[in-house]
$ cat target-v3.cif   # mmCIF, C-alpha atoms
data_data
#
loop_
_atom_site.label_atom_id
_atom_site.label_comp_id
_atom_site.auth_asym_id
_atom_site.auth_seq_id
_atom_site.Cartn_x
_atom_site.Cartn_y
_atom_site.Cartn_z
CA MET A 1 99.55 98.02 92.23
CA ARG A 2 98.36 96.21 95.30
CA LEU A 3 96.23 96.68 98.28
CA VAL A 4 97.19 95.21 101.58
CA TRP A 5 94.89 95.22 104.56
CA LYS A 6 97.02 93.91 107.49
CA SER A 7 95.85 92.32 110.74
CA LEU A 8 96.46 93.31 114.38
CA ASP A 9 99.56 95.44 114.39
CA LYS A 10 101.60 92.74 112.64
CA MET A 11 103.12 93.94 109.45
CA ARG A 12 106.43 93.18 107.93
CA CYS A 13 107.19 94.96 104.78
CA LEU A 14 108.65 93.69 101.56
CA ARG A 15 111.57 95.10 99.67
CA LYS A 16 111.07 96.35 96.12
CA ARG A 17 112.90 94.46 93.45
CA SER A 18 115.33 96.54 91.45
CA THR A 19 113.60 95.55 88.23
CA ILE A 20 109.82 95.30 87.78
CA PRO A 21 108.38 93.97 84.51
CA PHE A 22 105.96 96.27 82.79
CA LEU A 23 102.53 94.83 83.49
CA GLY A 24 100.38 97.23 81.46
CA PHE A 25 97.55 96.90 83.95
CA LEU A 26 96.78 97.54 87.58
CA ILE A 27 97.57 94.87 90.17
CA THR A 28 96.23 95.56 93.62
CA PHE A 29 96.40 93.80 96.93
CA LEU A 30 93.83 93.87 99.71
CA LEU A 31 94.99 92.44 103.00
CA PHE A 32 91.98 92.65 105.25
CA LEU A 33 92.32 93.96 108.76
CA ASN A 34 89.70 92.54 111.06
CA LEU A 35 89.94 93.54 114.69
CA TYR A 36 86.94 91.64 115.89
CA ILE A 37 86.37 88.65 113.60
CA GLU A 38 88.80 85.76 113.52
CA ASP A 39 90.23 84.63 110.22
CA GLY A 40 87.87 81.95 108.96
CA TYR A 41 87.82 82.44 105.24
CA VAL A 42 89.10 79.86 102.78
CA LEU A 43 90.13 80.58 99.24
CA GLU A 44 88.00 78.45 96.96
CA GLU A 45 89.72 79.36 93.72
CA ASP A 46 91.13 82.31 91.84
CA LYS A 47 88.32 84.28 90.28
CA ARG A 48 88.65 85.81 86.88
CA ARG A 49 85.95 87.97 85.37
CA GLU A 50 85.59 88.42 81.66
CA THR A 51 85.70 92.04 80.63
CA SER A 52 82.86 93.27 78.48
CA ALA A 53 83.59 95.06 75.25
CA HIS A 54 84.67 98.68 75.76
CA PRO A 55 84.94 101.57 73.35
CA PRO A 56 88.42 102.85 72.55
CA SER A 57 90.11 104.43 75.62
CA SER A 58 90.12 107.95 74.13
CA GLU A 59 86.39 107.86 73.42
CA ARG A 60 85.58 106.31 76.79
CA TYR A 61 87.58 108.93 78.68
CA VAL A 62 85.78 111.80 76.98
CA HIS A 63 82.67 110.44 78.65
CA THR A 64 84.47 109.88 81.96
CA PHE A 65 85.84 113.41 82.22
CA ARG A 66 82.45 114.89 81.34
CA ASP A 67 81.02 113.10 84.36
CA LEU A 68 83.69 114.20 86.85
CA SER A 69 81.34 116.78 88.38
CA ASN A 70 79.79 113.85 90.24
CA PHE A 71 82.79 113.41 92.54
CA SER A 72 80.82 111.43 95.11
CA GLY A 73 80.24 108.50 92.74
CA THR A 74 82.69 105.73 91.99
CA ILE A 75 84.45 105.35 88.64
CA ASN A 76 82.83 102.73 86.42
CA VAL A 77 85.62 100.17 86.15
CA THR A 78 85.23 96.41 85.81
CA TYR A 79 87.88 94.67 87.89
CA ARG A 80 89.08 91.09 87.54
CA TYR A 81 89.68 89.06 90.69
CA LEU A 82 92.99 87.28 90.23
CA ALA A 83 93.29 85.83 93.74
CA GLY A 84 91.24 85.87 96.92
CA THR A 85 87.56 86.45 97.51
CA PRO A 86 85.90 89.73 98.52
CA LEU A 87 84.46 89.87 102.03
CA SER A 88 80.85 90.84 102.60
CA ARG A 89 81.36 92.69 105.86
CA LYS A 90 82.77 96.20 106.09
CA LYS A 91 86.05 96.46 108.01
CA TYR A 92 87.77 99.13 110.09
CA LEU A 93 90.78 99.89 107.88
CA THR A 94 91.99 99.17 104.37
CA ILE A 95 95.66 99.57 103.51
CA GLY A 96 96.61 100.03 99.88
CA LEU A 97 100.16 99.50 98.73
CA SER A 98 102.20 98.99 95.63
CA SER A 99 104.00 95.65 95.36
CA GLU A 100 104.73 92.62 93.23
CA ILE A 101 102.79 89.36 93.36
CA THR A 102 104.85 86.65 95.04
CA ARG A 103 104.19 83.29 96.62
CA LYS A 104 104.76 84.86 100.02
CA PHE A 105 101.16 86.13 99.90
CA ALA A 106 99.60 82.67 99.63
CA HIS A 107 98.94 82.42 103.37
CA HIS A 108 97.11 85.75 103.43
CA ILE A 109 95.00 84.78 100.43
CA ILE A 110 93.94 81.52 102.05
CA ALA A 111 93.16 83.34 105.32
CA GLY A 112 90.86 85.69 103.45
CA ARG A 113 92.87 88.82 104.22
CA LEU A 114 94.25 89.39 100.74
CA LEU A 115 92.56 90.17 97.46
CA VAL A 116 94.38 90.62 94.16
CA ILE A 117 92.56 92.45 91.39
CA GLN A 118 93.25 93.74 87.90
CA ALA A 119 91.95 96.79 86.09
CA PRO A 120 92.13 96.08 82.34
CA GLU A 121 94.50 98.11 80.23
CA GLU A 122 91.69 99.51 78.08
CA TYR A 123 90.53 101.62 81.04
CA TYR A 124 93.76 103.61 81.07
CA PRO A 125 93.99 106.97 79.30
CA SER A 126 96.69 107.53 76.74
CA LEU A 127 100.20 107.71 78.16
CA ASP A 128 101.69 109.17 74.97
CA GLY A 129 102.22 112.84 74.24
CA LEU A 130 101.83 113.87 77.89
CA LYS A 131 102.65 117.35 79.13
CA ARG A 132 106.24 117.59 80.32
CA ASN A 133 105.72 119.75 83.40
CA TYR A 134 108.80 120.61 85.50
CA ASN A 135 111.03 119.65 82.54
CA ASP A 136 110.81 115.98 83.50
CA PRO A 137 111.98 113.53 80.83
CA GLU A 138 109.24 111.88 78.82
CA ASP A 139 109.65 108.43 80.37
CA ARG A 140 109.44 109.84 83.90
CA VAL A 141 106.26 111.75 83.03
CA ARG A 142 104.78 108.52 81.66
CA PHE A 143 105.80 106.63 84.80
CA ARG A 144 104.26 109.07 87.30
CA SER A 145 101.16 109.63 85.15
CA LYS A 146 100.43 105.90 85.02
CA GLN A 147 101.07 105.73 88.76
CA ASN A 148 98.37 108.39 89.33
CA VAL A 149 95.87 106.35 87.34
CA ASP A 150 96.92 103.18 89.20
CA TYR A 151 96.20 104.92 92.49
CA ALA A 152 92.89 106.26 91.19
CA PHE A 153 91.66 102.75 90.32
CA LEU A 154 93.01 101.44 93.62
CA LEU A 155 91.13 104.09 95.64
CA ASN A 156 88.01 103.57 93.57
CA PHE A 157 87.94 99.85 94.36
CA CYS A 158 88.39 100.45 98.11
CA THR A 159 85.49 102.87 98.52
CA ASN A 160 83.12 100.59 100.44
CA LEU A 161 85.51 98.11 102.00
CA SER A 162 86.12 99.88 105.32
CA ASP A 163 85.59 103.04 107.33
CA PHE A 164 89.15 104.27 106.83
CA TYR A 165 91.83 103.84 104.20
CA MET A 166 95.60 104.16 104.41
CA MET A 167 98.14 104.30 101.60
CA LEU A 168 101.53 102.62 102.03
CA GLU A 169 104.34 101.36 99.86
CA ASP A 170 105.65 97.82 99.97
CA ASP A 171 109.13 98.71 101.23
CA VAL A 172 108.24 100.09 104.64
CA ARG A 173 108.73 98.87 108.18
CA CYS A 174 105.86 99.46 110.57
CA SER A 175 105.92 100.19 114.27
CA ARG A 176 104.81 97.21 116.30
CA ASN A 177 101.67 98.91 117.56
CA PHE A 178 100.75 100.92 114.48
CA LEU A 179 97.10 99.80 114.37
CA THR A 180 96.54 100.60 118.05
CA ALA A 181 98.12 104.02 117.49
CA LEU A 182 95.88 104.68 114.49
CA LYS A 183 92.77 103.80 116.45
CA LYS A 184 93.77 106.08 119.32
CA VAL A 185 94.44 109.00 117.00
CA ILE A 186 91.15 108.54 115.14
CA ALA A 187 89.22 108.31 118.41
CA SER A 188 90.89 111.43 119.80
CA ARG A 189 89.83 113.45 116.75
CA GLU A 190 86.18 112.46 116.98
CA GLY A 191 84.03 115.47 116.18
CA SER A 192 86.84 117.40 114.48
CA TYR A 193 87.15 117.88 110.72
CA TRP A 194 90.00 116.31 108.80
CA VAL A 195 90.64 115.07 105.27
CA MET A 196 94.09 113.49 105.55
CA LEU A 197 96.08 112.43 108.62
CA GLU A 198 99.77 111.76 108.10
CA PHE A 199 101.77 109.14 109.99
CA SER A 200 104.98 109.56 107.99
CA LYS A 201 106.62 112.59 106.46
CA LEU A 202 107.76 110.71 103.35
CA GLY A 203 105.94 110.70 100.01
CA TYR A 204 102.74 108.67 99.78
CA ILE A 205 103.46 106.62 102.92
CA GLY A 206 101.17 106.53 105.95
CA LYS A 207 98.42 108.81 104.63
CA LEU A 208 95.01 108.11 106.19
CA TYR A 209 91.59 109.04 104.72
CA HIS A 210 87.93 108.54 105.44
CA SER A 211 86.75 105.95 102.93
CA ARG A 212 83.85 108.23 102.03
CA ASP A 213 86.39 110.63 100.45
CA LEU A 214 87.97 107.99 98.20
CA PRO A 215 85.66 108.50 95.18
CA ARG A 216 86.49 112.21 95.06
CA LEU A 217 90.21 111.51 95.49
CA ALA A 218 90.09 108.89 92.73
CA HIS A 219 88.37 111.33 90.36
CA PHE A 220 90.86 114.04 91.30
CA LEU A 221 93.90 111.89 90.53
CA LEU A 222 92.34 110.76 87.27
CA MET A 223 91.51 114.30 86.18
CA PHE A 224 95.03 115.62 86.80
CA TYR A 225 96.97 112.43 86.22
CA GLN A 226 99.55 114.00 83.89
CA GLU A 227 100.10 117.25 85.80
CA MET A 228 102.37 116.26 88.71
CA PRO A 229 103.36 113.38 91.02
CA CYS A 230 100.65 111.89 93.24
CA ASP A 231 102.07 113.13 96.54
CA TRP A 232 101.96 116.71 95.19
CA LEU A 233 98.39 116.26 94.02
CA LEU A 234 97.40 115.13 97.51
CA ILE A 235 98.38 118.51 98.94
CA HIS A 236 96.02 120.27 96.52
CA PHE A 237 93.24 117.78 97.23
CA ARG A 238 93.52 118.35 100.97
CA GLY A 239 93.36 122.12 100.50
CA LEU A 240 90.37 121.96 98.19
CA LEU A 241 88.49 120.07 100.88
CA ALA A 242 89.29 122.86 103.37
CA GLN A 243 91.99 121.21 105.46
CA LYS A 244 94.42 124.08 105.40
CA ASP A 245 97.21 122.67 107.56
CA VAL A 246 99.12 119.41 107.54
CA ILE A 247 98.04 117.13 110.39
CA ARG A 248 101.05 114.90 110.97
CA PHE A 249 101.59 112.75 114.01
CA LYS A 250 104.79 111.91 115.84
CA PRO A 251 106.42 109.55 116.24
CA SER A 252 106.03 108.31 112.68
CA LEU A 253 104.58 104.81 112.43
CA PHE A 254 106.21 103.79 109.14
CA GLN A 255 109.80 103.79 107.93
CA HIS A 256 110.98 103.59 104.33
CA MET A 257 113.30 100.59 103.97
CA GLY A 258 113.94 100.18 100.24
CA TYR A 259 117.04 101.32 98.42
CA TYR A 260 115.73 101.53 94.87
CA SER A 261 112.92 103.46 93.24
CA SER A 262 110.37 101.79 90.97
CA TYR A 263 111.45 104.32 88.35
CA LYS A 264 114.42 102.79 86.51
CA GLY A 265 115.77 101.32 89.75
CA ALA A 266 117.24 104.67 90.79
CA GLU A 267 118.58 104.90 94.33
CA ASN A 268 116.09 106.08 96.94
CA LYS A 269 117.50 105.98 100.47
CA LEU A 270 115.09 108.42 102.13
CA LYS A 271 114.50 107.78 105.83
CA ASP A 272 111.99 109.21 108.29
CA ASP A 273 113.98 110.34 111.33
CA ASP A 274 110.75 110.62 113.37
CA PHE A 275 110.08 106.87 113.12
CA GLU A 276 109.99 104.81 116.33
CA GLU A 277 109.46 101.08 116.00
CA ASP A 278 108.64 100.50 119.67
CA SER A 279 106.69 103.62 120.66
CA VAL A 280 104.21 101.79 122.86
CA ASP A 281 103.10 104.51 125.28
CA ILE A 282 100.75 106.45 123.02
CA PRO A 283 98.14 108.54 124.87
CA ASP A 284 94.40 108.16 124.35
CA ASN A 285 93.36 111.82 124.75
CA PRO A 286 89.56 111.33 124.82
CA PRO A 287 87.44 113.75 122.71
CA ALA A 288 87.10 117.04 124.58
CA SER A 289 86.67 120.81 124.38
CA LEU A 290 89.48 123.07 125.57
CA TYR A 291 89.23 126.51 127.16
CA THR A 292 91.70 129.01 128.60
CA ASN A 293 91.62 132.59 129.82
CA ILE A 294 95.32 133.04 129.09
CA ASN A 295 95.90 135.53 126.29
CA VAL A 296 96.66 133.38 123.22
CA PHE A 297 99.47 134.39 120.86
CA GLU A 298 98.44 134.40 117.20
CA SER A 299 97.15 130.95 116.13
CA TYR A 300 98.79 128.90 118.88
CA ASP A 301 95.39 128.06 120.39
CA ALA A 302 94.52 125.66 123.20
CA THR A 303 93.65 122.68 121.00
CA LYS A 304 97.22 122.44 119.72
CA ALA A 305 98.46 121.20 123.10
CA TYR A 306 96.06 118.25 123.07
CA SER A 307 97.18 116.14 120.13
CA SER A 308 100.19 114.24 118.83
CA VAL A 309 100.66 116.79 116.08
CA ASP A 310 103.91 118.73 116.27
CA GLU A 311 102.21 121.88 117.59
CA TYR A 312 101.74 123.60 120.95
CA PHE A 313 99.76 126.21 122.86
CA TRP A 314 101.54 129.54 123.29
CA GLY A 315 100.21 132.28 125.50
CA LYS A 316 101.31 135.63 126.89
CA PRO A 317 102.47 135.89 130.54
CA PRO A 318 99.80 134.31 132.77
CA SER A 319 98.62 135.68 136.11
CA THR A 320 97.66 133.99 139.36
CA GLY A 321 94.35 132.18 138.94
CA ASP A 322 94.54 131.84 135.16
CA PHE A 323 93.53 128.41 133.90
CA PHE A 324 93.69 125.95 131.04
CA VAL A 325 90.85 123.42 131.17
CA ILE A 326 89.91 120.26 129.24
CA VAL A 327 86.22 119.31 129.32
CA PHE A 328 85.53 115.77 128.12
CA ASN A 329 82.62 115.02 125.82
CA LYS A 330 81.66 112.35 128.33
CA SER A 331 83.00 111.46 131.77
CA THR A 332 85.83 108.96 131.75
CA LYS A 333 88.27 107.06 133.94
CA ILE A 334 91.83 108.35 133.57
CA SER A 335 94.82 106.25 134.61
CA LYS A 336 97.67 108.63 133.82
CA ILE A 337 98.17 112.34 133.10
CA LYS A 338 101.37 113.85 131.71
CA ILE A 339 101.78 117.55 130.84
CA ALA A 340 104.92 119.21 129.49
CA THR A 341 105.47 122.97 129.16
CA GLY A 342 108.25 124.97 127.53
CA SER A 343 110.19 123.86 124.45
CA ASP A 344 113.75 123.07 123.46
CA ASP A 345 114.31 126.50 121.94
CA ARG A 346 112.21 128.42 124.51
CA GLN A 347 112.92 126.57 127.73
CA ASN A 348 111.96 129.49 129.96
CA ASP A 349 108.47 129.72 128.44
CA MET A 350 107.28 127.06 130.88
CA LEU A 351 104.75 127.10 133.66
CA HIS A 352 106.89 128.13 136.64
CA HIS A 353 104.16 127.75 139.28
CA GLY A 354 101.04 125.71 138.66
CA ALA A 355 98.77 122.92 139.86
CA LEU A 356 96.98 120.04 138.15
CA GLU A 357 93.35 119.41 139.07
CA VAL A 358 90.59 117.01 138.00
CA GLY A 359 86.91 117.81 138.32
CA GLU A 360 83.33 116.63 138.14
CA LYS A 361 79.76 118.06 138.24
CA LEU A 362 79.55 119.97 134.97
CA VAL A 363 77.55 123.19 134.96
CA GLY A 364 76.73 125.58 132.15
CA THR A 365 78.36 129.04 132.14
CA LYS A 366 78.50 131.94 129.72
CA LYS A 367 81.84 130.60 128.48
CA GLY A 368 80.62 127.01 128.10
CA LYS A 369 80.53 124.00 130.38
CA GLN A 370 82.80 123.91 133.43
CA CYS A 371 83.21 121.58 136.39
CA SER A 372 82.00 122.93 139.72
CA SER A 373 84.12 120.63 141.91
CA TYR A 374 87.88 120.00 141.62
CA ILE A 375 90.53 117.97 143.43
CA THR A 376 94.24 118.83 143.20
CA LEU A 377 96.50 116.01 142.02
CA GLY A 378 99.87 117.74 142.28
CA GLU A 379 102.15 120.69 141.54
CA PHE A 380 104.25 121.34 138.44
CA LYS A 381 108.01 120.89 138.83
CA ASN A 382 110.38 122.41 136.29
CA GLY A 383 107.37 123.00 134.05
CA ASN A 384 106.23 119.37 133.96
CA ILE A 385 103.92 117.03 135.82
CA GLU A 386 103.13 113.33 135.60
CA VAL A 387 100.55 111.56 137.77
CA LEU A 388 100.10 107.79 137.72
CA ASP A 389 97.19 105.63 138.93
CA VAL A 390 94.78 108.54 138.77
CA ASP A 391 91.77 106.21 138.71
CA HIS A 392 92.92 104.69 142.02
CA LYS A 393 93.29 108.09 143.67
CA ILE A 394 90.00 109.59 142.49
CA GLY A 395 86.60 108.18 143.43
CA PHE A 396 84.65 109.55 140.46
CA ASP A 397 84.68 109.51 136.67
CA ILE A 398 86.54 112.62 135.54
CA GLU A 399 84.75 115.27 133.50
CA CYS A 400 87.44 118.01 133.50
CA VAL A 401 91.22 118.30 133.74
CA ARG A 402 92.46 121.76 134.70
CA VAL A 403 95.85 123.47 134.91
CA VAL A 404 95.79 126.44 137.31
CA VAL A 405 98.50 129.14 137.48
CA THR A 406 99.41 129.58 141.15
CA ALA A 407 101.77 132.57 140.75
CA SER A 408 102.10 135.26 138.10
CA GLN A 409 105.14 135.14 135.82
CA LYS A 410 106.83 137.54 133.41
CA GLU A 411 107.62 134.86 130.87
CA TRP A 412 105.23 133.64 128.20
CA ILE A 413 103.90 130.10 128.49
CA ILE A 414 104.12 127.18 126.10
CA ILE A 415 102.09 124.04 126.82
CA ARG A 416 103.90 121.58 124.59
CA SER A 417 101.78 118.50 125.18
CA ILE A 418 98.90 117.22 127.27
CA SER A 419 98.77 113.42 127.31
CA LEU A 420 96.00 111.40 128.95
CA TRP A 421 95.63 107.65 129.22
CA THR A 422 92.24 106.09 129.92
CA ALA A 423 91.85 103.24 132.41
CA GLN A 424 91.16 99.88 130.81
CA PRO A 425 88.03 98.13 132.12
CA PRO A 426 88.75 94.99 134.15
CA SER A 427 88.63 91.78 132.13
CA GLN A 428 85.58 89.63 132.69
#
$ encode --input "target-v3.cif" --output "structure tokens"
Amino acid sequence: MRLVWKSLDKMRCLRKRSTIPFLGFLITFLLFLNLYIEDGYVLEEDKRRETSAHPPSSERYVHTFRDLSNFSGTINVTYRYLAGTPLSRKKYLTIGLSSEITRKFAHHIIAGRLLVIQAPEEYYPSLDGLKRNYNDPEDRVRFRSKQNVDYAFLLNFCTNLSDFYMMLEDDVRCSRNFLTALKKVIASREGSYWVMLEFSKLGYIGKLYHSRDLPRLAHFLLMFYQEMPCDWLLIHFRGLLAQKDVIRFKPSLFQHMGYYSSYKGAENKLKDDDFEEDSVDIPDNPPASLYTNINVFESYDATKAYSSVDEYFWGKPPSTGDFFVIVFNKSTKISKIKIATGSDDRQNDMLHHGALEVGEKLVGTKKGKQCSSYITLGEFKNGNIEVLDVDHKIGFDIECVRVVVTASQKEWIIIRSISLWTAQPPSQ
């Protein structure tokens, strides 16, 4: 098992070999992403740590499982450093992935972006006599159970390396701007609660976590290692931490490229049809609160129009003067605004008559903060509007963006997406 922490949106993914020798221990890669510090680390030598004497694995794991109530603490595992040196400074993102050690990683090791570690075999629980849930054959149960423990030790090691952690596999292709996209998504969800963000719909690819949750996830995988595959366990973990719904972003940032599974070299040709390698125009959508006086249908609330998640706002027929407003957490310069209404299967549920406005001078009201001064940027046409160079047309930092219904309609209204791009400060 390996951890790879890649740098600056450049990632080319390796293809799994059809046969992988049984290692009997965990191999992990750390390829360090550093957005702000240039690569200046030099590999002095491979470090190997001697493992202290341990009690038999069965006896040791009785103690471990008794202590699982302390899910915020890390698992007491002594790792060996096989290649690379750990960095002292905390980074933005760690990427963990499963791969084989090859000479192709030498450059990353020397640059200080890659760390190879080993968790000794004696730390693993027994892989014999496991429960055969779902009528899986014994060797498959052993394979996926060991994989769960591999992931647990991987997550445990990564706990304090970065602010965020993403799991990948080694046979994926990444969009050219995947790191920029990740940063934008994370920034746009500032102040909202989430456990796992998904950037691919396949297996354990492109799943993002707060690093502070890694100890609990590691304990969880270790506790239920023989029950089911890891990607199924992740669904239960997310629910237990009160994230009810999947939060998956489109387009997908990672595409599965391999043709063979690690399990017996079986064919695995799954593809993510939402993947876009060159999706460069990803909106920023600054943190904001959303309000509307349009009658909302069921759970299709206003916030669902303001993210890259495959969701939308859906309201009952609006009347003249009804509004949908975005109030930023702090004033900002906006360069571009794009709003789409209606959907492929409900094309008539669009905004037939409406205007786009931007505002300033926030004031408190009974329904929350609102801007007291607005300027109209344009009218909706065929349910859509796009305005460029907003920061050149407006002489103030924007605090609100508002959609106003200018004529009543009999049809319901879907706001499919609201996309905002912030203006980049001039270079010094």
$ residues_around --input "target-v3.cif" --residues "A:Arg142" --least-positions-apart "2" --cutoff "8 Å" --atoms "only C-alpha atoms" --output "list in words"
Leu127, Asp128, Leu130, Glu138, Asp139, Arg140, Arg144, Ser145, Lys146 and Gln226 of chain A
$ closest_residue --input "target-v3.cif" --among "A:Phe254, A:Trp314, A:Tyr291, A:Tyr134" --to "A:Ile205" --atoms "all atoms listed in the file"
A:Phe254
$ residues_around --input "target-v3.cif" --residues "A:Tyr300" --least-positions-apart "3" --cutoff "12 Å" --atoms "all atoms listed in the file" --output "PyMOL selection string"
chain A and resi 294-297+303-306+310-316+413-416
$ atom_distance --input "target-v3.cif" --atom1 "atom CA of A:Val195" --atom2 "atom CA of A:Arg216"
11.4 Å
$ residues_around --input "target-v3.cif" --residues "stretch 230-245 of chain A" --least-positions-apart "6" --cutoff "7 Å" --atoms "all atoms listed in the file" --output "PyMOL selection string"
chain A and resi 148+194-196+203-204
$ atom_distance --input "target-v3.cif" --atom1 "atom CA of A:Thr74" --atom2 "atom CA of A:Tyr124"
15.7 Å
$ closest_residue --input "target-v3.cif" --among "A:Arg212, A:Lys90, A:His353, A:Lys250" --to "A:Ser175" --atoms "only C-alpha atoms"
A:Lys250
$ closest_residue --input "target-v3.cif" --among "A:Ala355, A:Leu362, A:Leu197, A:Ile326" --to "A:Ala407" --atoms "all atoms listed in the file"
A:Ala355
$ residues_around --input "target-v3.cif" --residues "A:Asp389" --least-positions-apart "2" --cutoff "8 Å" --atoms "all atoms listed in the file" --output "MDAnalysis selection string"
chainID A and resid 335:336 387 391:393
$ write_last_selection --input "target-v3.cif" --atoms "C-alpha atoms" --output "CSV table (one decimal), in the frame of the given file"
chain,number,residue,atom,x,y,z
A,335,SER,CA,94.8,106.2,134.6
A,336,LYS,CA,97.7,108.6,133.8
A,387,VAL,CA,100.6,111.6,137.8
A,391,ASP,CA,91.8,106.2,138.7
A,392,HIS,CA,92.9,104.7,142.0
A,393,LYS,CA,93.3,108.1,143.7
$ resolve_selection --input "target-v3.cif" --expression "the PyMOL selection byres ((chain A and resi 402) around 8)" --output "ChimeraX atom specification"
/A:323-326,356-359,400-401,403-404
$ atom_distance --input "target-v3.cif" --atom1 "atom CA of A:Phe178" --atom2 "atom CA of A:Lys91"
16.7 Å
$ residues_around --input "target-v3.cif" --residues "stretch 337-342 of chain A" --least-positions-apart "6" --cutoff "7 Å" --atoms "only C-alpha atoms" --output "PDB file with C-alpha atoms, keeping the file's coordinate frame"
ATOM      1  CA  ASN A 348     111.960 129.490 129.960  1.00  0.00           C
ATOM      2  CA  ASP A 349     108.470 129.720 128.440  1.00  0.00           C
ATOM      3  CA  MET A 350     107.280 127.060 130.880  1.00  0.00           C
ATOM      4  CA  LEU A 351     104.750 127.100 133.660  1.00  0.00           C
ATOM      5  CA  GLY A 383     107.370 123.000 134.050  1.00  0.00           C
ATOM      6  CA  ASN A 384     106.230 119.370 133.960  1.00  0.00           C
ATOM      7  CA  ILE A 385     103.920 117.030 135.820  1.00  0.00           C
ATOM      8  CA  GLU A 386     103.130 113.330 135.600  1.00  0.00           C
ATOM      9  CA  VAL A 387     100.550 111.560 137.770  1.00  0.00           C
ATOM     10  CA  LEU A 388     100.100 107.790 137.720  1.00  0.00           C
ATOM     11  CA  ILE A 413     103.900 130.100 128.490  1.00  0.00           C
ATOM     12  CA  ILE A 414     104.120 127.180 126.100  1.00  0.00           C
ATOM     13  CA  ILE A 415     102.090 124.040 126.820  1.00  0.00           C
ATOM     14  CA  ARG A 416     103.900 121.580 124.590  1.00  0.00           C
ATOM     15  CA  SER A 417     101.780 118.500 125.180  1.00  0.00           C
ATOM     16  CA  ILE A 418      98.900 117.220 127.270  1.00  0.00           C
ATOM     17  CA  SER A 419      98.770 113.420 127.310  1.00  0.00           C
ATOM     18  CA  LEU A 420      96.000 111.400 128.950  1.00  0.00           C
ATOM     19  CA  TRP A 421      95.630 107.650 129.220  1.00  0.00           C
TER      20      TRP A 421
END
$ closest_residue --input "target-v3.cif" --among "A:Asn382, A:Ser88, A:Ser408, A:Ser299" --to "A:Ser343" --atoms "all atoms listed in the file"
A:Asn382
$ build_atoms --input "target-v3.cif" --residues "stretch 383-393 of chain A" --atoms "N, CA, C and O atoms" --output "short mmCIF file (atom, residue, chain, number, x, y, z; two decimals), keeping the file's coordinate frame"
data_model
loop_
_atom_site.label_atom_id
_atom_site.label_comp_id
_atom_site.auth_asym_id
_atom_site.auth_seq_id
_atom_site.Cartn_x
_atom_site.Cartn_y
_atom_site.Cartn_z
N GLY A 383 108.27 122.86 135.19
CA GLY A 383 107.37 123.00 134.05
C GLY A 383 106.65 121.74 133.64
O GLY A 383 105.90 121.77 132.65
N ASN A 384 106.84 120.64 134.36
CA ASN A 384 106.23 119.37 133.96
C ASN A 384 105.51 118.72 135.13
O ASN A 384 105.81 118.99 136.30
N ILE A 385 104.59 117.83 134.80
CA ILE A 385 103.92 117.03 135.82
C ILE A 385 103.49 115.71 135.22
O ILE A 385 103.10 115.64 134.05
N GLU A 386 103.60 114.65 136.01
CA GLU A 386 103.13 113.33 135.60
C GLU A 386 102.51 112.66 136.82
O GLU A 386 103.16 112.56 137.87
N VAL A 387 101.26 112.21 136.67
CA VAL A 387 100.55 111.56 137.77
C VAL A 387 100.09 110.19 137.30
O VAL A 387 99.39 110.07 136.27
N LEU A 388 100.47 109.17 138.05
CA LEU A 388 100.10 107.79 137.72
C LEU A 388 98.94 107.32 138.59
O LEU A 388 98.65 107.91 139.64
N ASP A 389 98.28 106.27 138.17
CA ASP A 389 97.19 105.63 138.93
C ASP A 389 96.12 106.63 139.37
O ASP A 389 95.62 106.59 140.50
N VAL A 390 95.77 107.52 138.45
CA VAL A 390 94.78 108.54 138.77
C VAL A 390 93.44 107.90 139.15
O VAL A 390 92.78 108.33 140.11
N ASP A 391 93.06 106.85 138.44
CA ASP A 391 91.77 106.21 138.71
C ASP A 391 91.72 105.56 140.09
O ASP A 391 90.63 105.35 140.64
N HIS A 392 92.89 105.26 140.68
CA HIS A 392 92.92 104.69 142.02
C HIS A 392 92.89 105.78 143.09
O HIS A 392 92.55 105.50 144.25
N LYS A 393 93.25 106.98 142.71
CA LYS A 393 93.29 108.09 143.67
C LYS A 393 92.00 108.90 143.70
O LYS A 393 91.75 109.63 144.66
#
